[in-house]
Structures are given as structure tokens and as C-alpha cells.
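Data first, discussion second: the structure below is written as C-alpha cells.
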Amino acid sequence: MFRRSRPDTPPALTRALRGTLAGIWAERLARAFWPFSSVVLFAAAALGFGVQDHLPPFWAGALVLVILGAALGSLLVGAWRLRVPFSADAARRLDQALPGRPLSTLADHQAIGAQDAASARVWAVHMARMQAGLAHATPVRGDLRLARFDRFGLRYIALTAFTVSVVFGAPTRVGEISDIAQISGRAEAVALGPSWEAWVQPPPYTGRPSLYLNEVDRARLDLPQGSRVTVRFYGQQGVMSVHESLSDRDAANPDDMAQDFDIERSGRLSIRGPGGRDWEVVALADQPPAVALDGVAGRERGGLMRQDFTARDDYGVVAGHVHIDIDLGNVPREFGLALPPEPRDALTMALPLPVSGSRVEFSDAFIEDFSQHAWANMPVTVALQVEDARGQHARTEAQGMTLPGRRFFDPMAAAVIELRRDLLWNRENAVRAGQLMRAIGHHPQDAFRGIEARIRFTETRDLLLASLNDGGLDGATRDDLAQRMWDLAVLLEEGELADARERLRRAQERLDEAVRSGADPSEVAELMDELRDAMRAYMRQLAEQPRERGEAPPDGESMEITQDQIQQLLDRIQELMEEGRMDEAAELLAQLQALLENLQMAEGQGGEGMPGNDAMEGLGDALREQQNLADDTFNDLQEQFRNREDGEGGAPSEQLTERQRELADQLRDQQLAPLPGEGTPEGDAALEALERAQRAMEDAAQSLEDGDTSEALNRQADAMEAMRDGLRAMNDARTQTQRAQQQQQGEQGAQGGRDPLGRDRNQGGDVGTDQDMLQGGDTYRRAQDLLDELRRRSAELDRPEVELDYLRRLLDRF
């Protein structure tokens, strides 16, 4: 295309001109024909996705015409807009891209000073530089950016659609455009004479494809029940008709040009007229679903209900529900249940269905917590219902059972739950519940272990009595009372478990009550685990107490028992309960209680007390005094309540106010005394808890002075809780200090003349001692006890590492 005009034209310039011309061609072709390429890509994507399958033949043909027209129009517009580039255009663009525009410069002539030798030399140097610059010329790329021409990014949308159709569609179907044209031609022919078309669309949930009956040449059709048949006639009305015995539609004119009906039964389908056809249709019945209960509902840990079930359907279950209703015929109509129940809707909840996988046949479990429902632990009927995609249902027979829920074994907690049940059963039980709560609260110190439970009980009782005085118990107040009673029962059942011994005693009482009342095995197992945890915490507390007080174990006769022996006793109790031998299990529980009451752990060898013991003892005394003061305050509140009923006034005693202020001052002085772990995070937490307790005491004293006894009780409860937090933090700080001291002592003992067990080291290298350590006749029993003691101590991971290593080496040797 390019010819050298001069023999000295650099080859690099020729290549640069040709590359620039190619870039201009690409730039102008892209700008002229991007609409045409976008139309082609859109059309290919639509055909690749099978759009033609979802359009009637006429509209499919119309789509082809639209595509062809758009492609032709965009091609003609592009050809009209295309400007053919020439060599001069390439030279001009390359010259503009080079510094100094050397091509234009080389075509210039010196206008002045041509006769001057110096000017001529300067001009020659200038020409040489321009000529040298052309030796390194490179092609200029074409500008293929089309954003200012395609503001909506249609070319990218078309390219994306085409790419997706290639990956997920069927790109080979683009060739069907000729078939579509033929179908369109048939549609035009249909418009000129009598003809028909018919389709069958099975229900989507069956997953079967559609059928175009014009192309089905067999005489029998097996179609799912519920399939939709569509028939269309073309030409003059009355020439063609349809006759069928498949549907339940009302009498229809067989000559209607458009007819739609569903296949409900087996029968015959006939298209009568020119080119008519007959088919024998067999309706494949959609079988109804089935569901069955797998056993009776059981109680899981925490009072959860678990009901196993199995469901199936030929095409898959789409929904399911469980229906629970009260079984009045089996409800014991006594006490609070003697009244007729208030109307309450049956419980209807969704059944769990597989999220992934087949729903044709599956087994699952319905798990729900009904512990707080009014029917918990009462006779009910349970029925399951499932549904398939066709709307068919299956339901199990209502099965009678006791609705599982959490059970309370503490007597007072069980009483509160029974009162709550009576209120939810019928609000007319409110009067009886109020009388019972007043009777229980007459001597609260005998009924409740902690002040918090007393306060909550009093608030709940006062709310109930106030609602009765206001004219009756409405639904909102009843629900509020039910929630308060539930929280109170949980508190009474679980107790304030800051002390390990109290926690152990509560666990024993609950387990003993569960065994004697014939509790569910899951409940017994849950309570047994709770007893084991409480036992481990109590044993740790006993093991730490002698070392914390710096005391030696008591001399004389005492009952010693190892944790392994207690564990064996617990295992035996659980084994008896699993075998159903509840009487024997109860006897062993009583023996365990007697053992624990006399249990003493032989730990440590005495020594001086830990720093901060006085502070902890003082805080413990303050906590007991605050507990006594809260009891007196509660009794004073009871007296005020009785005085108001008798028409007399009443105010808190001034003595209570003075006692509360003195206690707050005492706690302030304790904060100035040495505390365990000062400067450590545990020590700081203890000091912060004491400050909170002091503020709560001062607020309680102010409330007593203002005559607000109820608020004073709340603040006193906050003070006691803060003091308990302080005691726990002090104990943690002291434990950290003790471990550090033990580690230091162990290291010193390892380096000194005694081993970690306090025995003289044998300097001769032999293991053992010359002392007669086995005095007495039963030496083998004593040796076994020593091995047991070594194993027990080696399992205490909080001991210094050097001591644990020594114990392990002893066990490995013996």
C-alpha cells in the first residue's frame, strides 16, 4: 500500500504508517458496526436459551423477522457511517503523535536565509534530527473506546448474554432460525385454512416436559393427573371441534376456537375435522401423601418435646403441620382445674422438612419447647398433617399423650408453677391463687431460702392482689403474672448457687424428689449430671479450704473419702436408676448425704494464714448481717401490709435505717484494709464489687428513710449480690497467690534437702527412705492407699509442674 518516495525512507517509518492505518481501520469499523454486532449477539443469546420454545409459531416467526430487520438496518447504517481511511490519514495521525511533527517538517523548505551558509547549516542539522526521529517511529493505536457512542453499555450486555447462553444454554440451537421460519410459514398457512394445534403441560412439580400433540403419532398417552390441555383452532368456526372425557369442566361448546381443561381421569381426547386425531389418555393418579408417628413424644433435656415421624409422597411433601389440643376427658378436674378452661386455640406449628435432598420419603423429628405453655405436662392430643403439591392432605389419628415440658422438683417451685397453671387455665382462679400466696407469704423465712426469691414472690403476689382490687384480672396482667411466676419458679428450682455446698445440697434434693416421684429418665439423667458437677465443685472447695485458712487437717477420728470413691457411688446410683430400682437408689442417695455431712479432706500441713483472710472474713460477716437486715426489712414490709389492711398507717422502722447506714460505713472501712491480690485484675474486681455494694447499701438506707420499703429490699438484694461477687473475686485472687507460693516452694524443695512430698532426699542415689513408714499389720492395704493418693494428686493439674513431674515418675516406677 505504501511505496517509498525516497530511497532513504527508514523501514521503521513504513511499518509505523501501515500499523497506524490498521488501527484507524479498526477504530472506524468498531464505531460504525457495534450496533450490528450487538444485535447479532442478542439474537444468538435468545435462540441459545430457547426463547422460541415458549412462543407460538406466529410470534416466533415475528421474532425472526424483527431480528433480521434489526440486523440488516444496523448493517446498512454502519456501512453509511463508515469512512474509508487512506494513507494520508495514517501519515497525518502518525505525524501528530511524533514530537516536532517530523513528516510535515521534512516536506518544508527553507524560506529565508537559504543563501546564508550558516543558516543553511542550521537548517540541515534540523532536517537531520527530524530524519533521525523517524527512524524510531512506532504505529499509533486506534481508539477503540466506545463509551461516548454506547452510553448504556448495550454491547457489554449483549456480549454477557451471549457468553451465558454458550455456557448454560444450547448455542447449537441458533441454527433453528430456519425451522422457525418454516413454522411461521405453517402458521400463515393455518390462517388461510382450517387447522388446529394442541399442547399438554404436565404440573410443574412432576418435572415432565410439555407435549406438542400435533407431532405425537402414538394412540395412547400416559399423562399425570392435573395436566393442562390447550387446544386452538384456526380458520372458520364450526369446521373443527374437540371432544373429551378427561375433565370435570361444565358443558362447553366443542366448536370454541380456544379451549383449555385439566386431565382429571382417564378417557379419550378427539380432535374432529380436517387433519383430526384421536388419543387414548391414561391419567396417572397423584397419590396422596402419608405421615405416621414414630412412637410417643419424649422429653428431651431441658423439657423439650421430641416427636419422631415419617412422611412420604410420590412427588414429594411440600408442607406439614403438627396440631396439639387439650384432652379434656383425661384432665384431672380438681383444685384449680375444677373450673371449665378458658377458650384457647389449638397449637399448630410447622413440621421440619428436609432443606436439601428428596422429600419423597424421609424421617425427621419435631422438637419444640412447650414448658411455658398452659398445657405443659397435661394430657393433650397430637396429630400430624402433611400436604403435597397437588393440595392433597394426610393426617394421623389424634394420639393422646402428656405434653412434655420442664418439671420442677423443688416443692416451693412446684407450688408456684401449679398456681401459674391455674391462672392460665381460668382467670377465676385468681382469687384462690391470691389466698394461697398470702398464706405462703405469712412466714416467708420458712418458705424461701434467699431474699431475692422472697422479693420476687412478694412483688408477684402484690400485683395479683392489686389486679383483683381493681375489678378483675385482664389478659395482659394474667400473662405478665405468668411470666413472673415462671421466672420465680426457675429461681427457686435452681437457687442462688454461689456456694458449692448449697449447690450440692440443692442438686441432691432435686434428684431425690425426682427419684421418689417417678420422673422421666431424661430428667433423671439431667439431674444426675447436675449432681456430678456440683459434687466436683464441692470437692474442690473442700480441698482448698484447709490450705486457704493455713490450717492443718483436724486430728483424731474423721471420715476420709476420695473423689474416686464418691464417683463410684454416683455411678452405682445411676446404674440402679437405669435398672428401675428406685428404692435402692434412694437409699444410696441418703448414704451419700450422710457421707458428705461428715466429709473432711486431709490436705496440707498447716502454716500461716494467707494475706487478706481478715478482709474475706469481715466481708462474709457483712454479708450475713446484710442478709439478716434484709429479712428484718421484709418482715417489716409484711407488717406494714397487714396494718394497711386493718386501716392503720405504717412506716419503716428507724432502727432499720440506722443499721443499714452502719453496715455501709463498716463496708467502707473494709475497703481501706488490705485485700487479697491488691494490684491484680482479681483484686481490682473485688474492690469494684465492694464499692458497688456500698453504693447499694447507701441507696437502701435512703429508701428506708423515705419510707419506700420495697425499693429498699431491691437495693439490699443488689448489695448482697455485689458482696458475693467480691467474695468470688477475692477467692480467685487468693488462689492465684497461693499457686505462685506453691510453685516457689516446690522449686525450693526440689533444690533443697527434701522432695516435693516433704521427705528427706536419699543422697546415695537409691529411691526410698530408711524410715519405717509402714507401721502396722495391713501393709498391702496401706500401699494401695498410697498409690491411690499419688494418682489423685497427679490428676490435680493446678499443682506445680515440678511436683506433678515427680508424682508421675513415682507412678511409673511403682
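Residues are named by chain letter and number: chains run A, B, ... in the order of the C-alpha cells, numbers start at 1 in each chain, and ligands are numbered from 1 in the order shown.
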Query raised in the report: Can you list, as a list of chain:residue names, every protein, DNA or RNA residue that comes within 8 Å of region 355-360 of chain A when you count only C-alpha atoms, leaving out same-chain residues fewer than 4 positions away?
Result: A:Ala311, A:Arg312, A:Asp313, A:Asp314, A:Tyr315, A:Gly316, A:Val317, A:Val318
Query raised in the report: With only C-alpha atoms as the basis for distance, which of A:Arg268, A:Glu452, A:Val66, A:Leu468 is at the shortest distance from Arg432 (chain A)?
Result: A:Leu468
Query raised in the report: Quick one: of A:Gln399, A:Gln96, A:Ser703, A:Gln671, who's nearest to Glu688 (chain A), counting only C-alpha atoms?
Result: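 The shortest atom-to-atom distance to Glu688 (chain A) comes from A:Gln671.
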Requested in this report: Measuring atom to atom with only C-alpha atoms, identify which of A:Gln694, A:Ser37, A:Gln435, A:Gln508 is nearest to Asp665 (chain A).
Outcome: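 Counting only C-alpha atoms, the residue closest to Asp665 (chain A) is A:Gln694.
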Query raised in the report: Got a sec to tell me which of region 635-700 of chain A DSSP assigns to helix (DSSP H, G or I), as an NGL selection string?
Result: :A and (635-645 or 654-672 or 681-700)
Query - For CA of Leu223 (chain A) and CA of Pro289 (chain A), the interatomic separation in Å (one decimal) - result: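 Answer for the CA of Leu223 (chain A) to CA of Pro289 (chain A) separation: 19.6 Å.
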Query raised in the report: If you run DSSP on this backbone, which residues of region 248-293 of chain A come out as strand (DSSP E), and could you give them as a count of residues only?
Result: 23
Query raised in the report: Rounded to one decimal in Å, what is the spacing between CA of Gly450 (chain A) and CA of Ala414 (chain A)?
Result: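 Computing it gives 16.7 Å between the two atoms.
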Query raised in the report: If we count only C-alpha atoms, what is near Gly142 (chain A) at a cut-off of 7 Å, once residues fewer than 2 positions away on the same chain are taken out, given as a PyMOL selection string?
Result: chain A and resi 23-24+26-27+140+144
Serialized selection, N, CA and C atoms, as a compact mmCIF listing (two decimals), in the first residue's frame:
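And here's result24.txt as it stands now:
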# COMPACT_ATOMS: atom_id res chain seq x y z
N GLY A 23 -4.83 0.52 12.62
CA GLY A 23 -5.54 1.00 13.81
C GLY A 23 -6.71 1.89 13.46
N ILE A 24 -6.55 2.73 12.41
CA ILE A 24 -7.66 3.60 12.00
C ILE A 24 -8.79 2.76 11.43
N ALA A 26 -9.57 -0.37 12.32
CA ALA A 26 -10.26 -0.98 13.47
C ALA A 26 -11.13 0.03 14.21
N GLU A 27 -10.64 1.22 14.38
CA GLU A 27 -11.39 2.26 15.10
C GLU A 27 -12.68 2.61 14.38
N VAL A 140 0.64 4.14 15.71
CA VAL A 140 -0.32 4.75 16.63
C VAL A 140 -1.55 3.86 16.70
N LEU A 144 -10.37 2.51 20.37
CA LEU A 144 -11.48 1.57 20.36
C LEU A 144 -12.45 1.81 21.51
